[in-house]
Protein chains: 2
Amino acid sequence: MLRPATSLSVAAPTLPTISRLGRGAAPPLRGRRSGTTVRARMPLEQQQVTLPSLAHREVARALAAEAAAAVPLLPSAVPVDVADFRNSAGTAVGTLDVRRGEPASSIDFMLHSSLHCKVPNGAIDITSVLIFLNALTDAPHFLMEFIQGSQTSMVVILDLLPRKDLALHPEYLQKYYEHTHLDKQREKIEELPQTRPYRSPSLFVRSACSPTAVSVTIDCGQGGEGTLEEIVCGHLASAVKEVLQIWVHSCARDTSEMEEAEREIMIKRDQAVRSKSIEVDLTANLPRMFGPDVSGHIIAEIRKAFGVQLQEA
Amino acid sequence: MLRPATSLSVAAPTLPTISRLGRGAAPPLRGRRSGTTVRARMPLEQQQVTLPSLAHREVARALAAEAAAAVPLLPSAVPVDVADFRNSAGTAVGTLDVRRGEPASSIDFMLHSSLHCKVPNGAIDITSVLIFLNALTDAPHFLMEFIQGSQTSMVVILDLLPRKDLALHPEYLQKYYEHTHLDKQREKIEELPQTRPYRSPSLFVRSACSPTAVSVTIDCGQGGEGTLEEIVCGHLASAVKEVLQIWVHSCARDTSEMEEAEREIMIKRDQAVRSKSIEVDLTANLPRMFGPDVSGHIIAEIRKAFGVQLQEA
């Protein structure tokens, strides 16, 4: 879940109809450093797979840009064949950008990815923005993930991921979740009649999220393409922006006084969450979309960002 | 929340209509050791307030009896004026039973309570069964709570309360929640068209629950009295029974090898959950229902069961 490809196994069974997502006039994949080079070496068939233009992708792009302007990040640091990648069958395409935080800042990294994968009845589009903090602070990470399985429905996960056991640390819950009124953003999304709760089949994913996490399926029903776009550009864009603002002001600039023992538990917890996410999700799903070679390459890059050692799959 | 009165503030705002619950032929409060004695000393007006007969109360009674037969409990240990209590205005009545676990067993206590409180538009009935374990094991506690605000709707909370940070301990999550297939019980209840998610306004309550917790409002709409009763006696009774069975087999008979440091964190966590529950819920709500004297007496008894020191309200 917490990773881009994560959600594939998670979301697919719950998406009511997986219809073709490609919109006739979708622009070709462009603007990324490596696009042209990579494509020039590819057979024609593969070049035709592009990331379709989707409202949710625009919202994520704007959000990532806003985040990048608000927190101290180094320039992008992924190899060209990770920045843009696709499978050999020409049915899946993706982009991945990882920017590390500036030295001495509390930002560990920002990861922004988009995946598009054709499936028998259509396609799945997954877009993620994660901003993880390092051990200079115990403040929550930022997580946003959109999983769109048709032109009328999608899954939204939006959360500030806690880094402490909330039942053991009510003061942490109060500081980052109650005082920030985060739950209001969840309420605003959940009161839309088109939403229903989305439960990840992974109990681990559910456990890692905060009690204010937005985790919903937005389903606008047959003919609801326009409605979904309105919701994405309206309510959803507004909620993700608000949550990012809360995170920037309450978390990204926070450095915490922590006892060493407490910091150690937090680091251990962070590692558990990162490793388990990669194990449960990426290792299981990305190979199915992109084949072993491409996915191995991408997973290695994500492991690097996450600071997680390679484990036997 | 996790206490009987807890849920009053929690549930009331979400209950769609609070209509009178009293059913004409409701039998008088009977069969509890102190009932007659207490009632004999009371003015006539107060004697008329009785715990109405409700399907959910029967389900809880059967469940508590089943639990008592399955785990080693000492006889009931509450004073007579705690076993049955009511307020001076004659608008609220309650019963509380606490049985401690046998010495050397891993059972800390079983608490079974029923509250009935008239409110301007009707009444609220709350029934809880909690079975808490001690530090001989790290296995989850059992929690069941029904909050009925009308003849056609109620809130249900049913969970095995984790005693470890699930994100830090995936093996604990696997042992008690995945391998036991607990989530199937949640699914069975949530797939009923009359249910919708119930979110406690307390983020702490949400944080204390497991990812497989049943937390729903069952709303059968106008004229749905019979439907609610069918659901309570059918699906709900079956789910609570299944969850109790899982708890009895996987948790109640479990003793855990734990490192001392781990046990200390667990005890600290248990204390935090117990104290915070009492602080957030009971201290705030019970006095409004039963007045300061009666509620003080009841809260003191619950504190004793919970092993939580008195704190300034």
# chains A, B, ... in the order shown; residues from 1 in each chain; ligands from 1
call {"tool": "interface_residues", "arguments": {"of": "chain B", "to": "chain A", "cutoff": "7 Å", "atoms": "only C-alpha atoms", "output": "VMD selection string"}}
result
chain B and resid 165 to 168 170 203 to 204 206 to 208 211 269 272 to 273
call {"tool": "write_last_selection", "arguments": {"atoms": "N, CA and C atoms", "output": "PDB file, in the first residue's frame"}}
result
ATOM      1  N   ASP B 165       1.884  -2.515  19.841  1.00  0.00           N
ATOM      2  CA  ASP B 165       1.859  -1.638  18.678  1.00  0.00           C
ATOM      3  C   ASP B 165       1.923  -2.517  17.430  1.00  0.00           C
ATOM      4  N   LEU B 166       0.834  -2.590  16.690  1.00  0.00           N
ATOM      5  CA  LEU B 166       0.750  -3.547  15.586  1.00  0.00           C
ATOM      6  C   LEU B 166       1.711  -3.232  14.438  1.00  0.00           C
ATOM      7  N   ALA B 167       2.009  -1.953  14.263  1.00  0.00           N
ATOM      8  CA  ALA B 167       2.934  -1.603  13.181  1.00  0.00           C
ATOM      9  C   ALA B 167       4.362  -2.010  13.529  1.00  0.00           C
ATOM     10  N   LEU B 168       4.654  -2.072  14.810  1.00  0.00           N
ATOM     11  CA  LEU B 168       5.999  -2.467  15.249  1.00  0.00           C
ATOM     12  C   LEU B 168       6.104  -3.985  15.401  1.00  0.00           C
ATOM     13  N   PRO B 170       4.549  -6.951  13.560  1.00  0.00           N
ATOM     14  CA  PRO B 170       3.737  -7.658  12.551  1.00  0.00           C
ATOM     15  C   PRO B 170       3.465  -9.114  12.945  1.00  0.00           C
ATOM     16  N   LEU B 203     -10.330  10.130  18.879  1.00  0.00           N
ATOM     17  CA  LEU B 203      -9.249   9.527  18.082  1.00  0.00           C
ATOM     18  C   LEU B 203      -8.507   8.488  18.907  1.00  0.00           C
ATOM     19  N   PHE B 204      -8.499   8.693  20.214  1.00  0.00           N
ATOM     20  CA  PHE B 204      -7.845   7.718  21.083  1.00  0.00           C
ATOM     21  C   PHE B 204      -8.547   6.366  21.010  1.00  0.00           C
ATOM     22  N   ARG B 206     -10.333   5.216  18.563  1.00  0.00           N
ATOM     23  CA  ARG B 206     -10.033   4.601  17.263  1.00  0.00           C
ATOM     24  C   ARG B 206      -8.626   3.999  17.258  1.00  0.00           C
ATOM     25  N   SER B 207      -7.690   4.696  17.915  1.00  0.00           N
ATOM     26  CA  SER B 207      -6.301   4.203  17.928  1.00  0.00           C
ATOM     27  C   SER B 207      -6.157   2.930  18.746  1.00  0.00           C
ATOM     28  N   ALA B 208      -6.993   2.789  19.776  1.00  0.00           N
ATOM     29  CA  ALA B 208      -6.868   1.629  20.662  1.00  0.00           C
ATOM     30  C   ALA B 208      -7.439   0.360  20.031  1.00  0.00           C
ATOM     31  N   PRO B 211      -7.356  -3.339  13.674  1.00  0.00           N
ATOM     32  CA  PRO B 211      -7.859  -3.104  12.307  1.00  0.00           C
ATOM     33  C   PRO B 211      -8.992  -4.042  11.916  1.00  0.00           C
ATOM     34  N   ARG B 269       1.487   0.389  28.351  1.00  0.00           N
ATOM     35  CA  ARG B 269       0.484   0.613  27.313  1.00  0.00           C
ATOM     36  C   ARG B 269      -0.912   0.294  27.849  1.00  0.00           C
ATOM     37  N   ALA B 272      -2.022   2.997  30.069  1.00  0.00           N
ATOM     38  CA  ALA B 272      -2.394   4.192  29.306  1.00  0.00           C
ATOM     39  C   ALA B 272      -3.791   4.030  28.720  1.00  0.00           C
ATOM     40  N   VAL B 273      -4.057   2.850  28.164  1.00  0.00           N
ATOM     41  CA  VAL B 273      -5.367   2.612  27.546  1.00  0.00           C
ATOM     42  C   VAL B 273      -6.472   2.640  28.610  1.00  0.00           C
TER      43      VAL B 273
END
call {"tool": "closest_residue", "arguments": {"among": "A:Leu236, A:Lys118, A:Ala139, A:Val80", "to": "Ile157 (chain A)", "atoms": "only C-alpha atoms"}}
result
A:Leu236
call {"tool": "residues_around", "arguments": {"residues": "Val71 (chain B)", "least_positions_apart": "2", "cutoff": "12 Å", "atoms": "only C-alpha atoms", "output": "MDAnalysis selection string"}}
result
chainID B and resid 64:69 73:74 99:102 105:110 131:133 244:245 247:249 251:254
call {"tool": "residues_around", "arguments": {"residues": "Tyr198 (chain B)", "least_positions_apart": "2", "cutoff": "6 Å", "atoms": "only C-alpha atoms", "output": "count of residues only"}}
result
3
call {"tool": "atom_distance", "arguments": {"atom1": "CA of Leu286 (chain A)", "atom2": "CA of Ala239 (chain A)"}}
result
28.7 Å
call {"tool": "select_by_dssp", "arguments": {"residues": "region 171-293 of chain B", "states": "helix (DSSP H, G or I)", "output": "PyMOL selection string"}}
result
chain B and resi 171-178+183-190+203-208+225-252+260-293
